[in-house]
file upload-v2.cif (mmCIF, C-alpha atoms and all ligand atoms)
data_target
#
loop_
_atom_site.group_PDB
_atom_site.id
_atom_site.type_symbol
_atom_site.label_atom_id
_atom_site.label_comp_id
_atom_site.auth_asym_id
_atom_site.auth_seq_id
_atom_site.Cartn_x
_atom_site.Cartn_y
_atom_site.Cartn_z
ATOM 1 C CA MET A 1408 77.787 145.629 -43.164
ATOM 2 C CA SER A 1409 80.126 147.648 -40.959
ATOM 3 C CA HIS A 1410 82.912 145.760 -39.169
ATOM 4 C CA LYS A 1411 84.044 148.800 -37.254
ATOM 5 C CA LYS A 1412 84.571 148.409 -33.544
ATOM 6 C CA ARG A 1413 82.205 150.247 -31.247
ATOM 7 C CA ILE A 1414 83.567 152.535 -28.536
ATOM 8 C CA ALA A 1415 81.902 154.030 -25.460
ATOM 9 C CA ILE A 1416 83.519 156.984 -23.708
ATOM 10 C CA PHE A 1417 82.916 157.744 -20.034
ATOM 11 C CA ALA A 1418 83.509 161.334 -18.898
ATOM 12 C CA SER A 1419 82.518 163.723 -16.112
ATOM 13 C CA GLY A 1420 83.801 167.102 -17.246
ATOM 14 C CA THR A 1421 84.945 169.139 -20.200
ATOM 15 C CA GLY A 1422 85.378 166.260 -22.580
ATOM 16 C CA SER A 1423 88.359 167.418 -24.626
ATOM 17 C CA ASN A 1424 89.511 163.786 -24.838
ATOM 18 C CA PHE A 1425 85.989 162.737 -25.826
ATOM 19 C CA GLU A 1426 86.241 165.280 -28.630
ATOM 20 C CA ALA A 1427 89.712 164.140 -29.733
ATOM 21 C CA ILE A 1428 88.715 160.468 -29.911
ATOM 22 C CA THR A 1429 85.372 161.168 -31.584
ATOM 23 C CA VAL A 1430 86.895 163.437 -34.237
ATOM 24 C CA ALA A 1431 89.658 160.876 -34.884
ATOM 25 C CA CYS A 1432 86.957 158.252 -35.504
ATOM 26 C CA GLU A 1433 84.937 160.596 -37.716
ATOM 27 C CA GLU A 1434 88.045 161.383 -39.777
ATOM 28 C CA GLY A 1435 88.967 157.708 -40.118
ATOM 29 C CA ARG A 1436 92.216 157.990 -38.136
ATOM 30 C CA VAL A 1437 90.744 155.522 -35.641
ATOM 31 C CA PRO A 1438 88.944 152.604 -37.317
ATOM 32 C CA ALA A 1439 85.971 152.662 -34.926
ATOM 33 C CA ASP A 1440 82.749 154.494 -34.124
ATOM 34 C CA VAL A 1441 82.003 156.281 -30.872
ATOM 35 C CA VAL A 1442 78.507 154.930 -30.240
ATOM 36 C CA ALA A 1443 77.918 155.912 -26.622
ATOM 37 C CA MET A 1444 78.895 158.435 -23.972
ATOM 38 C CA VAL A 1445 78.341 157.816 -20.262
ATOM 39 C CA CYS A 1446 78.374 160.760 -17.856
ATOM 40 C CA ASP A 1447 77.675 161.044 -14.133
ATOM 41 C CA LYS A 1448 77.263 164.839 -14.315
ATOM 42 C CA PRO A 1449 74.306 165.776 -16.522
ATOM 43 C CA ALA A 1450 75.387 169.456 -16.635
ATOM 44 C CA ALA A 1451 78.941 168.699 -17.816
ATOM 45 C CA ARG A 1452 80.202 170.225 -21.044
ATOM 46 C CA VAL A 1453 80.899 166.774 -22.473
ATOM 47 C CA VAL A 1454 77.123 166.193 -22.715
ATOM 48 C CA GLU A 1455 76.832 169.108 -25.166
ATOM 49 C CA ARG A 1456 79.810 167.821 -27.127
ATOM 50 C CA ALA A 1457 78.215 164.382 -27.452
ATOM 51 C CA ALA A 1458 74.967 165.931 -28.699
ATOM 52 C CA LEU A 1459 76.882 167.944 -31.318
ATOM 53 C CA HIS A 1460 78.482 164.735 -32.608
ATOM 54 C CA GLY A 1461 75.216 162.769 -32.468
ATOM 55 C CA VAL A 1462 76.586 160.342 -29.884
ATOM 56 C CA GLU A 1463 73.935 158.667 -27.733
ATOM 57 C CA THR A 1464 74.366 159.663 -24.119
ATOM 58 C CA PHE A 1465 73.526 158.081 -20.794
ATOM 59 C CA ALA A 1466 73.811 160.996 -18.341
ATOM 60 C CA PHE A 1467 72.587 160.298 -14.850
ATOM 61 C CA ASP A 1468 72.619 161.549 -11.291
ATOM 62 C CA PRO A 1469 74.325 158.808 -9.246
ATOM 63 C CA LYS A 1470 72.018 159.632 -6.321
ATOM 64 C CA SER A 1471 69.036 158.465 -8.354
ATOM 65 C CA PHE A 1472 70.211 154.845 -7.983
ATOM 66 C CA PRO A 1473 69.707 152.924 -4.728
ATOM 67 C CA SER A 1474 73.248 151.520 -4.919
ATOM 68 C CA LYS A 1475 76.452 151.681 -6.942
ATOM 69 C CA ALA A 1476 75.835 148.121 -8.126
ATOM 70 C CA GLU A 1477 72.462 149.097 -9.588
ATOM 71 C CA MET A 1478 73.994 152.167 -11.199
ATOM 72 C CA GLU A 1479 76.731 150.083 -12.840
ATOM 73 C CA CYS A 1480 74.172 147.480 -13.882
ATOM 74 C CA ALA A 1481 72.209 150.187 -15.726
ATOM 75 C CA ILE A 1482 75.431 151.386 -17.372
ATOM 76 C CA ALA A 1483 76.377 147.850 -18.447
ATOM 77 C CA ASP A 1484 72.867 147.312 -19.889
ATOM 78 C CA PHE A 1485 73.216 150.566 -21.857
ATOM 79 C CA LEU A 1486 76.580 149.331 -23.232
ATOM 80 C CA ASP A 1487 75.215 145.853 -24.026
ATOM 81 C CA GLU A 1488 72.309 147.324 -25.982
ATOM 82 C CA ARG A 1489 74.803 149.187 -28.160
ATOM 83 C CA ASN A 1490 77.209 146.263 -28.621
ATOM 84 C CA VAL A 1491 80.142 148.172 -27.213
ATOM 85 C CA ASP A 1492 83.564 146.567 -27.778
ATOM 86 C CA LEU A 1493 85.790 149.007 -25.879
ATOM 87 C CA VAL A 1494 85.162 151.441 -23.016
ATOM 88 C CA CYS A 1495 87.476 154.474 -22.803
ATOM 89 C CA LEU A 1496 87.440 156.432 -19.560
ATOM 90 C CA ALA A 1497 88.342 160.062 -20.217
ATOM 91 C CA GLY A 1498 88.078 162.133 -17.077
ATOM 92 C CA TYR A 1499 85.368 159.911 -15.544
ATOM 93 C CA MET A 1500 85.603 160.747 -11.847
ATOM 94 C CA ARG A 1501 84.255 157.499 -10.408
ATOM 95 C CA ILE A 1502 85.925 154.268 -9.445
ATOM 96 C CA ILE A 1503 84.731 151.370 -11.561
ATOM 97 C CA SER A 1504 83.680 148.482 -9.336
ATOM 98 C CA ASP A 1505 82.988 144.776 -9.612
ATOM 99 C CA THR A 1506 79.559 145.000 -11.253
ATOM 100 C CA LEU A 1507 80.935 146.704 -14.341
ATOM 101 C CA LEU A 1508 84.289 144.918 -14.233
ATOM 102 C CA SER A 1509 82.570 141.521 -14.190
ATOM 103 C CA ARG A 1510 80.817 142.402 -17.461
ATOM 104 C CA TYR A 1511 83.418 144.581 -19.212
ATOM 105 C CA GLY A 1512 86.695 143.678 -17.491
ATOM 106 C CA GLY A 1513 89.667 143.668 -19.882
ATOM 107 C CA ARG A 1514 87.767 145.995 -22.205
ATOM 108 C CA ILE A 1515 87.962 149.167 -20.108
ATOM 109 C CA ILE A 1516 90.917 151.543 -20.430
ATOM 110 C CA ASN A 1517 91.716 154.867 -18.756
ATOM 111 C CA ILE A 1518 93.917 157.872 -19.412
ATOM 112 C CA HIS A 1519 95.768 159.401 -16.470
ATOM 113 C CA PRO A 1520 97.803 162.632 -16.513
ATOM 114 C CA SER A 1521 101.002 161.293 -14.924
ATOM 115 C CA LEU A 1522 103.682 158.717 -15.563
ATOM 116 C CA LEU A 1523 102.113 155.902 -13.515
ATOM 117 C CA PRO A 1524 102.714 154.440 -11.021
ATOM 118 C CA ALA A 1525 103.718 157.913 -9.845
ATOM 119 C CA PHE A 1526 100.895 160.217 -8.795
ATOM 120 C CA GLN A 1527 97.926 157.872 -8.876
ATOM 121 C CA GLY A 1528 94.550 159.378 -7.984
ATOM 122 C CA ALA A 1529 93.169 162.914 -8.017
ATOM 123 C CA ARG A 1530 95.115 166.163 -8.647
ATOM 124 C CA ALA A 1531 97.972 164.239 -10.239
ATOM 125 C CA VAL A 1532 99.327 167.175 -12.258
ATOM 126 C CA GLU A 1533 99.180 169.629 -9.354
ATOM 127 C CA ARG A 1534 100.841 167.141 -6.986
ATOM 128 C CA ALA A 1535 103.591 166.346 -9.500
ATOM 129 C CA MET A 1536 104.337 170.051 -9.924
ATOM 130 C CA GLU A 1537 104.340 170.618 -6.148
ATOM 131 C CA TYR A 1538 106.763 167.705 -5.842
ATOM 132 C CA GLY A 1539 109.181 169.374 -8.238
ATOM 133 C CA VAL A 1540 108.845 166.862 -11.069
ATOM 134 C CA LYS A 1541 110.736 167.813 -14.251
ATOM 135 C CA ILE A 1542 109.540 165.026 -16.579
ATOM 136 C CA PHE A 1543 105.755 164.918 -16.902
ATOM 137 C CA GLY A 1544 103.611 162.611 -18.947
ATOM 138 C CA VAL A 1545 100.477 160.667 -19.665
ATOM 139 C CA THR A 1546 99.597 157.002 -19.153
ATOM 140 C CA ILE A 1547 96.927 154.809 -20.697
ATOM 141 C CA HIS A 1548 96.194 151.647 -18.742
ATOM 142 C CA TYR A 1549 93.680 148.859 -18.297
ATOM 143 C CA VAL A 1550 91.152 149.423 -15.539
ATOM 144 C CA ASP A 1551 90.987 146.926 -12.698
ATOM 145 C CA GLN A 1552 89.892 147.042 -9.026
ATOM 146 C CA THR A 1553 92.747 149.399 -8.114
ATOM 147 C CA VAL A 1554 92.863 153.169 -8.530
ATOM 148 C CA ASP A 1555 95.079 153.848 -11.570
ATOM 149 C CA GLY A 1556 96.955 150.593 -10.930
ATOM 150 C CA GLY A 1557 95.993 148.425 -13.919
ATOM 151 C CA LYS A 1558 98.485 147.197 -16.507
ATOM 152 C CA ILE A 1559 100.054 149.983 -18.538
ATOM 153 C CA ILE A 1560 99.344 150.063 -22.279
ATOM 154 C CA ALA A 1561 101.086 153.273 -23.353
ATOM 155 C CA GLN A 1562 103.001 156.210 -21.910
ATOM 156 C CA ARG A 1563 104.419 159.439 -23.283
ATOM 157 C CA ALA A 1564 106.742 161.759 -21.387
ATOM 158 C CA PHE A 1565 107.959 165.305 -21.913
ATOM 159 C CA PRO A 1566 110.204 167.688 -19.984
ATOM 160 C CA TYR A 1567 108.731 170.755 -18.283
ATOM 161 C CA GLU A 1568 110.623 172.972 -15.866
ATOM 162 C CA GLY A 1569 108.268 175.947 -15.687
ATOM 163 C CA ASP A 1570 105.853 176.818 -12.902
ATOM 164 C CA ASP A 1571 102.717 177.692 -14.881
ATOM 165 C CA ILE A 1572 100.080 175.064 -14.093
ATOM 166 C CA ASP A 1573 97.769 176.230 -16.893
ATOM 167 C CA GLU A 1574 100.568 175.930 -19.437
ATOM 168 C CA LEU A 1575 101.377 172.468 -18.083
ATOM 169 C CA PHE A 1576 97.744 171.349 -18.365
ATOM 170 C CA GLY A 1577 97.767 172.565 -21.958
ATOM 171 C CA LEU A 1578 100.862 170.459 -22.711
ATOM 172 C CA ILE A 1579 99.343 167.397 -20.978
ATOM 173 C CA HIS A 1580 96.117 167.729 -22.941
ATOM 174 C CA ALA A 1581 97.978 168.078 -26.234
ATOM 175 C CA VAL A 1582 99.812 164.810 -25.512
ATOM 176 C CA GLU A 1583 96.575 163.098 -24.427
ATOM 177 C CA HIS A 1584 94.742 164.120 -27.581
ATOM 178 C CA GLN A 1585 97.454 162.438 -29.692
ATOM 179 C CA LEU A 1586 98.169 159.421 -27.527
ATOM 180 C CA TYR A 1587 94.599 158.282 -26.811
ATOM 181 C CA PRO A 1588 93.475 157.918 -30.458
ATOM 182 C CA GLU A 1589 96.818 156.314 -31.415
ATOM 183 C CA THR A 1590 96.607 153.811 -28.571
ATOM 184 C CA ILE A 1591 92.991 152.893 -29.322
ATOM 185 C CA THR A 1592 93.950 152.255 -32.943
ATOM 186 C CA ARG A 1593 96.819 150.016 -31.836
ATOM 187 C CA LEU A 1594 94.627 148.104 -29.360
ATOM 188 C CA LEU A 1595 91.880 147.530 -31.893
ATOM 189 C CA ALA A 1596 94.411 146.150 -34.375
ATOM 190 C CA ASP A 1597 95.656 143.536 -31.884
HETATM 191 C C1 LIG B 1601 92.428 164.372 -18.512
HETATM 192 O O1 LIG B 1601 93.555 165.131 -18.193
HETATM 193 C C2 LIG B 1601 92.629 162.932 -18.103
HETATM 194 O O2 LIG B 1601 93.961 162.540 -18.085
HETATM 195 C C3 LIG B 1601 92.075 162.912 -16.699
HETATM 196 O O3 LIG B 1601 90.988 163.798 -16.733
HETATM 197 C C4 LIG B 1601 91.214 164.798 -17.705
HETATM 198 C C5 LIG B 1601 89.979 164.920 -18.541
HETATM 199 O O4 LIG B 1601 90.024 166.029 -19.392
HETATM 200 N N1 LIG B 1601 91.743 161.574 -16.318
HETATM 201 P P1 LIG B 1601 88.911 166.239 -20.509
HETATM 202 O O5 LIG B 1601 87.552 166.261 -19.795
HETATM 203 O O6 LIG B 1601 89.009 165.111 -21.480
HETATM 204 O O7 LIG B 1601 89.216 167.568 -21.121
#
call {"tool": "encode", "arguments": {"input": "upload-v2.cif", "output": "C-alpha cells"}}
result
Amino acid sequence: MSHKKRIAIFASGTGSNFEAITVACEEGRVPADVVAMVCDKPAARVVERAALHGVETFAFDPKSFPSKAEMECAIADFLDERNVDLVCLAGYMRIISDTLLSRYGGRIINIHPSLLPAFQGARAVERAMEYGVKIFGVTIHYVDQTVDGGKIIAQRAFPYEGDDIDELFGLIHAVEHQLYPETITRLLAD
C-alpha cells in the first residue's frame, strides 16, 4: 500500500510550476503524487500538461456555478473524493474563500513572485520593477482569507538590476521551479 501524500495543484495559466512539481514527484524528488489539477480556465495550457502527465483534472467555467460558494463546494468534493492531503496554488487567479478554507484551511499553500509582504496581489513582478526594486524573490505561504497575507513558509531572493522584464520573469520562474518542490518536500516531512 502506498503511503505517499496526495497533492492537488490549482492553476489558471501556463502551468510551468504544475510541471515542475509533477515532474519532481514522478522522479521521486518529492515524496508525493500529484493526483488532481483544478483549473478555472478550461482552455489554459496547464490542462494539456495535466493530460500529458495523466493527472485528473477538474476544469470549469466559474460562470456555470450559481455562486462562488457552490463552485468551491464542488472543488472541495472533487478533492475529498481523491483524498487530497495538500493543495498547492500555482498561478491560480482566484481568491480562495471561506467555503474551501473551512474544509481545507491549513492545507492550502501558494507561491507568489515577490518577497512578501511587498507587492501583494496582481502584477507583482511588473510593479516591483517599476518601483526600482533591486532584490527580487519568491515567497511560498499558507493561504488564508487575505490576499497573499498568510504565514510565510519559505522565501528565496536574488539580485537583479537589469530592465528586461522577460529576463526577470525567467529568473523568477527558475527560482520557483526549485523552491516549490523543495518546500513541499519539507512540509510533508514535518
Ligand atoms: C508564477 O509566477 C506564480 O508565482 C504566480 O503565477 C505564476 C504562474 O506561472 N502566482 P506558471 O503558470 O506556473 O508558469
call {"tool": "residues_near_ligand", "arguments": {"input": "upload-v2.cif", "ligand": "ligand LIG 1601 (chain B)", "cutoff": "7 Å", "atoms": "all atoms listed in the file", "output": "number ranges by chain"}}
result
A: 1418-1425, 1497-1499, 1518-1520, 1545, 1579-1580, 1583
call {"tool": "atom_distance", "arguments": {"input": "upload-v2.cif", "atom1": "CA of Arg1514 (chain A)", "atom2": "CA of Arg1456 (chain A)"}}
result
23.7 Å
call {"tool": "closest_residue", "arguments": {"input": "upload-v2.cif", "among": "A:Phe1467, A:Tyr1538, A:Tyr1511, A:Phe1472", "to": "Glu1568 (chain A)", "atoms": "all atoms listed in the file"}}
result
A:Tyr1538
call {"tool": "resolve_selection", "arguments": {"input": "upload-v2.cif", "expression": "the PyMOL selection byres (((chain A and resi 1437) around 12) and not hetatm)", "output": "NGL selection string"}}
result
:A and (1411-1414 or 1427-1436 or 1438-1441 or 1585-1596)
call {"tool": "resolve_selection", "arguments": {"input": "upload-v2.cif", "expression": "the PyMOL selection byres (((chain A and resi 1495) around 7) and not hetatm)", "output": "PyMOL selection string"}}
result
chain A and resi 1415-1417+1493-1494+1496-1497+1515-1517
call {"tool": "write_last_selection", "arguments": {"input": "upload-v2.cif", "atoms": "C-alpha atoms", "output": "JSON list (two decimals), in the frame of the given file"}}
result
[["chain", "number", "residue", "atom", "x", "y", "z"],
["A", 1415, "ALA", "CA", 81.90, 154.03, -25.46],
["A", 1416, "ILE", "CA", 83.52, 156.98, -23.71],
["A", 1417, "PHE", "CA", 82.92, 157.74, -20.03],
["A", 1493, "LEU", "CA", 85.79, 149.01, -25.88],
["A", 1494, "VAL", "CA", 85.16, 151.44, -23.02],
["A", 1496, "LEU", "CA", 87.44, 156.43, -19.56],
["A", 1497, "ALA", "CA", 88.34, 160.06, -20.22],
["A", 1515, "ILE", "CA", 87.96, 149.17, -20.11],
["A", 1516, "ILE", "CA", 90.92, 151.54, -20.43],
["A", 1517, "ASN", "CA", 91.72, 154.87, -18.76]]
call {"tool": "closest_residue", "arguments": {"input": "upload-v2.cif", "among": "A:Asp1597, A:Glu1488, A:Glu1574, A:Glu1479", "to": "Arg1510 (chain A)", "atoms": "all atoms listed in the file"}}
result
A:Glu1479
call {"tool": "atom_distance", "arguments": {"input": "upload-v2.cif", "atom1": "CA of Met1500 (chain A)", "atom2": "CA of Gly1539 (chain A)"}}
result
25.4 Å
call {"tool": "closest_residue", "arguments": {"input": "upload-v2.cif", "among": "A:Gly1577, A:Leu1507, A:Tyr1567, A:Arg1501", "to": "Asp1487 (chain A)", "atoms": "all atoms listed in the file"}}
result
A:Leu1507
call {"tool": "decode", "arguments": {"input": "upload-v2.cif", "residues": "region 1539-1562 of chain A", "atoms": "C-alpha atoms", "output": "compact mmCIF listing (two decimals), in the first residue's frame"}}
result
# COMPACT_ATOMS: atom_id res chain seq x y z
CA GLY A 1539 13.03 50.21 -8.84
CA VAL A 1540 13.49 47.10 -6.71
CA LYS A 1541 17.00 45.58 -6.88
CA ILE A 1542 16.43 42.40 -4.83
CA PHE A 1543 13.64 40.24 -6.24
CA GLY A 1544 12.34 36.94 -5.00
CA VAL A 1545 9.68 34.35 -4.47
CA THR A 1546 7.52 33.51 -1.44
CA ILE A 1547 5.58 30.40 -0.51
CA HIS A 1548 2.92 30.96 2.13
CA TYR A 1549 -0.17 29.46 3.70
CA VAL A 1550 -3.44 30.65 2.22
CA ASP A 1551 -5.93 32.39 4.49
CA GLN A 1552 -8.73 34.95 4.00
CA THR A 1553 -6.25 37.66 2.98
CA VAL A 1554 -4.71 38.23 -0.44
CA ASP A 1555 -1.12 36.93 -0.23
CA GLY A 1556 -1.08 37.65 3.51
CA GLY A 1557 -0.90 34.18 5.08
CA LYS A 1558 2.03 32.96 7.15
CA ILE A 1559 5.26 32.66 5.19
CA ILE A 1560 6.77 29.19 4.78
CA ALA A 1561 9.75 29.87 2.51
CA GLN A 1562 11.40 32.70 0.59
